[in-house]
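Q: This is the structure I have questions about; it appears just below.
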Amino acid sequence: MMNQQILTITENVPVTASVRRMRLEGAGLEQQKAGGFVNIRLNGLFLRRPISVYDSEPGCLTILYKVVGKGTEQMAGMGSGETLDVLTGLGNGYDLGKAGDAPLLLGGGVGVPPLYLLAKQLATQGKKIRAVLGFNTAEEVFGEAEFRALGCGVTVATTDGSYGVRGFVTDALPEGYSYFYTCGPEPMLRAVYRMTKTSGQFSFEERMGCGFGACMGCSCKTITGYKRICREGPVLEKEEIIWDV
Ligand SMILES: Cc1cc2nc3c(=O)[nH]c(=O)nc-3n(C[C@H](O)[C@H](O)[C@H](O)COP(=O)(O)OP(=O)(O)OC[C@H]3O[C@@H](n4cnc5c(N)ncnc54)[C@H](O)[C@@H]3O)c2cc1C
Ligand code: FES
C-alpha cells in the first residue's frame with residue numbers, strides 16, 4: 001500500500017564512481033515488495049524521483065542510485081541524520097510464484113538493484129538462482145559479491161570486455177533456466193525479449209512524467225491496451241508486451 005513517509009538517512013555511501021547506496025529508516029516503514037519502487041521528493045524539484053527498492057525489511061529500506069542529474073545530485077549531497085519525504089509501497093512488483101526451480105535474473109546497470117531483493121526472496125525458497133549482471137566497463141561493476149553471498153551463480157558481462165564476459169547480458173545467457181526476471185535499459189530489455197526461451201517478467205525504469213497515472217508519459221503497449229509503468233507496472237510479463245522487434 002502506498003504511504004507518504006519522512007524517512008531518515010542512516011547511510012549514503014559510494015558503491016562505484018557514479019552509483020551510491022542509501023539506507024533509509026522510519027518507524028512504521030513496511031517491508032517493501034521485490035520489484036517495487038519508492039518516489040522521492042527533493043527540494044526545488046516539482047517531480048518526485050522514482051528509485052527501485054534494492055533491499056528492505058520492516059523499518060528500513062535500501063536503494064542504489066546513479067547520480068545523473070539534479071535530483072540524484074541532491075541525494076548524493078545528503079548525509080546521515082537528514083530526512084527525505086518518500087512515497088513507499090509503489091509498484092506491482094515481481095510475481096515470485098512463476099519462478100520455477102531455476103530462475104534466471106538479468107540486470108543491466110541500474111537495472112540490477114531491484115533484482116537483489118528478488119534474489120534474496122527466491123533464495124529463501126531454495127531456488128537455484130543464476131544472475132547475469134551487465135555493465136559498460138569494469139569500473140561500473142557492482143553487486144557481484146552481494147548476489148554470490150545469497151548463493152546465486154553470477155556471471156558479469158561488460159560491453160568493453162574489461163571484466164567478465166565481453167559483450168551484453170544477452171551474450172552470456174546460460175542454458176536450462178526455468179523462467180527469467182529482468183530489469184535494465186530498454187535496448188537490453190528488447191534483446192532479452194528476443195533471445196530468451198522461456199516466459200519472464202520485465203521491470204521498466206522508464207523516465208516518468210507525473211508519476212501518478214495522469215500523463216501517459218510512461219506507457220507501454222500491451223495486448224490489453226497501453227499500460228502505465230507508474231500505475232500498472234513497473235513489472236510486465238513477456239507475453240503481454242507488444243514490441244516490434
Ligand atoms: C520505476 C523506476 C525505478 C527506477 N529505479 C532506479 C534505481 O534503482 N536506481 C537508479 O539509479 N535509477 C533508477 N531509476 C531512474 C531514476 O528515476 C532517474 O535516474 C532519476 O529520476 C533521475 O533524476 P535526476 O533529477 O537526477 O536527473 P534528471 O535531471 O531528471 O535527468 C538527468 C539525465 O538523466 C536522464 N534520465 C533521467 N531519468 C532517466 C531514466 N529513468 N532512464 C534513463 N535516463 C534518465 C535524463 O534524460 C537526463 O539526461 C528508476 C526509474 C523508474 C521509473
Ligand atoms: S508518469 Fe504520468 S502516467 Fe505514468
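The chains in the C-alpha cells are called A, B, ... from first to last as shown; in each chain the residues are counted from 1, and the ligands are counted from 1 in the order shown.
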Please run DSSP on the backbone and report, as a list in words, all residues within region 8-121 of chain A that come out as helix (DSSP H, G or I).
A: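 Residues of region 8-121 of chain A classed as helix (DSSP H, G or I): Lys70, Gly71, Thr72, Glu73, Gln74, Met75, Ala76, Leu96, Gly97, Lys98, Gly109, Val110, Gly111, Pro113, Pro114, Leu115, Tyr116, Leu117, Leu118, Ala119, Lys120 and Gln121 of chain A.
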Q: Ligand 2: which residues are within 12 Å, counting only C-alpha atoms and all ligand atoms, as a ChimeraX atom specification?
A: /A:39,47-50,91,204-220,226-234
Q: How would you report the residues lying within 7 Å of ligand 1, as a ChimeraX atom specification, if you count only C-alpha atoms and all ligand atoms?
A: /A:19,37,49-54,63-73,110-111,113-114,204-208,230,234
Q: Could you give me, as a list of chain:residue names, the residues within 8 Å of Ile241 (chain A), counting only C-alpha atoms and dropping anything in the same chain fewer than 4 positions from it?
A: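 Counting only C-alpha atoms, the residues come to A:Cys220, A:Lys221, A:Thr222, A:Ile223, A:Leu236, A:Glu237.
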Q: List the spatial neighbours of Lys120 (chain A) as JSON, numbers by chain - criterion: any atom at most 12 Å away, only C-alpha atoms, same-chain residues fewer than 2 positions off excluded.
A: {"A": [33, 34, 35, 54, 55, 56, 57, 96, 105, 113, 114, 115, 116, 117, 118, 122, 123, 124, 125, 126, 127, 128, 129, 131, 146, 147, 148, 149, 150, 151, 152]}
Q: Can you write out the residues you just picked, keeping N, CA and C atoms, as a CSV table (one decimal), in the first residue's frame?
A:
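What follows is the written file result.csv:
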```
chain,number,residue,atom,x,y,z
A,33,LYS,N,8.0,-4.6,-1.5
A,33,LYS,CA,7.9,-5.7,-2.5
A,33,LYS,C,9.2,-5.7,-3.3
A,34,ALA,N,9.6,-6.9,-3.7
A,34,ALA,CA,10.7,-7.0,-4.7
A,34,ALA,C,10.2,-6.6,-6.0
A,35,GLY,N,10.9,-5.6,-6.7
A,35,GLY,CA,10.4,-5.1,-7.9
A,35,GLY,C,9.5,-3.8,-7.7
A,54,TYR,N,16.1,-1.8,-3.4
A,54,TYR,CA,17.2,-2.7,-3.5
A,54,TYR,C,17.1,-3.8,-2.4
A,55,ASP,N,16.8,-3.3,-1.2
A,55,ASP,CA,16.7,-4.3,-0.1
A,55,ASP,C,15.7,-3.6,0.9
A,56,SER,N,15.0,-4.5,1.6
A,56,SER,CA,14.0,-4.0,2.6
A,56,SER,C,13.7,-4.9,3.7
A,57,GLU,N,13.5,-4.4,4.8
A,57,GLU,CA,12.9,-5.2,5.9
A,57,GLU,C,12.1,-4.2,6.7
A,96,LEU,N,6.7,-13.9,-7.7
A,96,LEU,CA,7.7,-14.9,-7.5
A,96,LEU,C,7.1,-16.3,-7.7
A,105,LEU,N,18.1,-14.3,-13.5
A,105,LEU,CA,17.9,-12.9,-13.3
A,105,LEU,C,18.9,-12.1,-14.2
A,113,PRO,N,19.7,-3.2,-9.3
A,113,PRO,CA,19.2,-3.1,-7.9
A,113,PRO,C,17.9,-3.9,-7.6
A,114,PRO,N,16.8,-3.7,-8.4
A,114,PRO,CA,15.6,-4.4,-8.0
A,114,PRO,C,15.7,-5.9,-8.0
A,115,LEU,N,16.7,-6.5,-8.7
A,115,LEU,CA,16.8,-7.9,-8.7
A,115,LEU,C,17.4,-8.5,-7.4
A,116,TYR,N,18.0,-7.6,-6.6
A,116,TYR,CA,18.7,-8.1,-5.4
A,116,TYR,C,17.7,-8.6,-4.4
A,117,LEU,N,16.6,-7.8,-4.1
A,117,LEU,CA,15.6,-8.2,-3.1
A,117,LEU,C,14.9,-9.4,-3.7
A,118,LEU,N,14.7,-9.5,-5.0
A,118,LEU,CA,14.0,-10.6,-5.6
A,118,LEU,C,14.9,-11.9,-5.4
A,122,LEU,N,13.8,-15.3,-3.4
A,122,LEU,CA,13.9,-16.6,-4.1
A,122,LEU,C,14.8,-17.5,-3.4
A,123,ALA,N,15.9,-17.0,-2.9
A,123,ALA,CA,16.9,-17.8,-2.2
A,123,ALA,C,16.3,-18.5,-1.0
A,124,THR,N,15.4,-17.7,-0.3
A,124,THR,CA,14.8,-18.3,0.9
A,124,THR,C,13.8,-19.4,0.5
A,125,GLN,N,13.4,-19.5,-0.8
A,125,GLN,CA,12.5,-20.5,-1.2
A,125,GLN,C,13.3,-21.7,-1.8
A,126,GLY,N,14.7,-21.6,-1.6
A,126,GLY,CA,15.5,-22.8,-2.1
A,126,GLY,C,15.7,-22.9,-3.6
A,127,LYS,N,15.5,-21.8,-4.3
A,127,LYS,CA,15.6,-21.9,-5.8
A,127,LYS,C,17.1,-21.9,-6.2
A,128,LYS,N,17.4,-22.5,-7.3
A,128,LYS,CA,18.8,-22.5,-7.9
A,128,LYS,C,18.8,-21.2,-8.8
A,129,ILE,N,19.4,-20.2,-8.3
A,129,ILE,CA,19.3,-18.9,-9.0
A,129,ILE,C,20.6,-18.6,-9.7
A,131,ALA,N,22.4,-15.4,-12.0
A,131,ALA,CA,22.2,-13.9,-12.3
A,131,ALA,C,23.3,-13.6,-13.3
A,146,GLU,N,27.5,-9.4,-3.6
A,146,GLU,CA,26.2,-9.5,-2.8
A,146,GLU,C,25.3,-10.6,-3.4
A,147,PHE,N,25.3,-10.8,-4.7
A,147,PHE,CA,24.4,-11.9,-5.3
A,147,PHE,C,25.1,-13.2,-4.9
A,148,ARG,N,26.4,-13.3,-5.0
A,148,ARG,CA,27.1,-14.6,-4.7
A,148,ARG,C,26.8,-14.9,-3.2
A,149,ALA,N,26.8,-13.9,-2.3
A,149,ALA,CA,26.6,-14.2,-0.9
A,149,ALA,C,25.2,-14.8,-0.7
A,150,LEU,N,24.2,-14.5,-1.6
A,150,LEU,CA,22.9,-15.1,-1.5
A,150,LEU,C,22.9,-16.6,-2.0
A,151,GLY,N,24.0,-17.0,-2.6
A,151,GLY,CA,24.1,-18.4,-3.2
A,151,GLY,C,23.8,-18.4,-4.6
A,152,CYS,N,23.7,-17.2,-5.3
A,152,CYS,CA,23.4,-17.2,-6.8
A,152,CYS,C,24.7,-17.6,-7.5
```
Q: Hey, which of A:Gly93, A:Gly28, A:Gly161, A:Gly153 ends up closest to Thr137 (chain A)? Count only C-alpha atoms.
A: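 Between A:Gly93, A:Gly28, A:Gly161, A:Gly153, the residue approaching Thr137 (chain A) most closely is A:Gly161.
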Q: I'd like to know which residues of region 165-243 of chain A are strand (DSSP E) (by DSSP, run on the backbone); could you write them as number ranges by chain?
A: A: 165-166, 179-183, 200-203, 219-222, 225-228, 235-237
Q: Of the candidates A:Val86, A:Cys60, A:Val154, A:Val112, which shows the shortest atom-to-atom distance to Gln31 (chain A), using only C-alpha atoms?
A: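 Among A:Val86, A:Cys60, A:Val154, A:Val112, it is A:Cys60 that comes nearest to Gln31 (chain A).
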Q: If we count only C-alpha atoms and set the cut-off at 6 Å, which residues sit around Thr83 (chain A), ignoring sequence neighbours fewer than 5 positions away in its own chain? Please answer as number ranges by chain.
A: A: 7-9
Q: If we count only C-alpha atoms, what is near Glu175 (chain A) at a cut-off of 12 Å, once residues fewer than 6 positions away on the same chain are taken out, given as a ChimeraX atom specification?
A: /A:102-104,130,195-198
Q: For those residues, write N, CA, C and O atoms to a file as a PDB file, in the first residue's frame.
A:
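The result, written out as again-v1.pdb:
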```pdb
ATOM      1  N   ALA A 102      14.683 -23.015 -11.299  1.00  0.00           N
ATOM      2  CA  ALA A 102      15.987 -22.437 -11.644  1.00  0.00           C
ATOM      3  C   ALA A 102      15.819 -21.091 -12.360  1.00  0.00           C
ATOM      4  O   ALA A 102      16.080 -20.972 -13.557  1.00  0.00           O
ATOM      5  N   PRO A 103      15.372 -20.069 -11.632  1.00  0.00           N
ATOM      6  CA  PRO A 103      15.147 -18.773 -12.270  1.00  0.00           C
ATOM      7  C   PRO A 103      16.450 -18.064 -12.647  1.00  0.00           C
ATOM      8  O   PRO A 103      17.474 -18.232 -11.986  1.00  0.00           O
ATOM      9  N   LEU A 104      16.345 -17.283 -13.712  1.00  0.00           N
ATOM     10  CA  LEU A 104      17.487 -16.521 -14.221  1.00  0.00           C
ATOM     11  C   LEU A 104      17.177 -15.037 -14.047  1.00  0.00           C
ATOM     12  O   LEU A 104      16.094 -14.575 -14.425  1.00  0.00           O
ATOM     13  N   ARG A 130      20.451 -18.155 -10.994  1.00  0.00           N
ATOM     14  CA  ARG A 130      21.611 -17.628 -11.705  1.00  0.00           C
ATOM     15  C   ARG A 130      21.345 -16.175 -12.067  1.00  0.00           C
ATOM     16  O   ARG A 130      20.202 -15.813 -12.395  1.00  0.00           O
ATOM     17  N   MET A 195      15.690 -12.933 -27.225  1.00  0.00           N
ATOM     18  CA  MET A 195      16.633 -14.044 -27.139  1.00  0.00           C
ATOM     19  C   MET A 195      16.357 -15.058 -26.027  1.00  0.00           C
ATOM     20  O   MET A 195      17.003 -16.102 -25.975  1.00  0.00           O
ATOM     21  N   THR A 196      15.405 -14.755 -25.140  1.00  0.00           N
ATOM     22  CA  THR A 196      15.102 -15.722 -24.080  1.00  0.00           C
ATOM     23  C   THR A 196      14.136 -16.783 -24.605  1.00  0.00           C
ATOM     24  O   THR A 196      13.347 -16.526 -25.508  1.00  0.00           O
ATOM     25  N   LYS A 197      14.229 -17.977 -23.980  1.00  0.00           N
ATOM     26  CA  LYS A 197      13.461 -19.120 -24.491  1.00  0.00           C
ATOM     27  C   LYS A 197      12.272 -19.459 -23.596  1.00  0.00           C
ATOM     28  O   LYS A 197      11.521 -20.378 -23.888  1.00  0.00           O
ATOM     29  N   THR A 198      12.136 -18.769 -22.464  1.00  0.00           N
ATOM     30  CA  THR A 198      11.019 -19.063 -21.557  1.00  0.00           C
ATOM     31  C   THR A 198      10.202 -17.788 -21.352  1.00  0.00           C
ATOM     32  O   THR A 198      10.558 -16.723 -21.848  1.00  0.00           O
TER      33      THR A 198
END
```
Q: Taking into account only C-alpha atoms, which residue in the set A:Thr158, A:Thr224, A:Ser18, A:Thr62 is nearest to Ala172 (chain A)?
A: A:Thr158
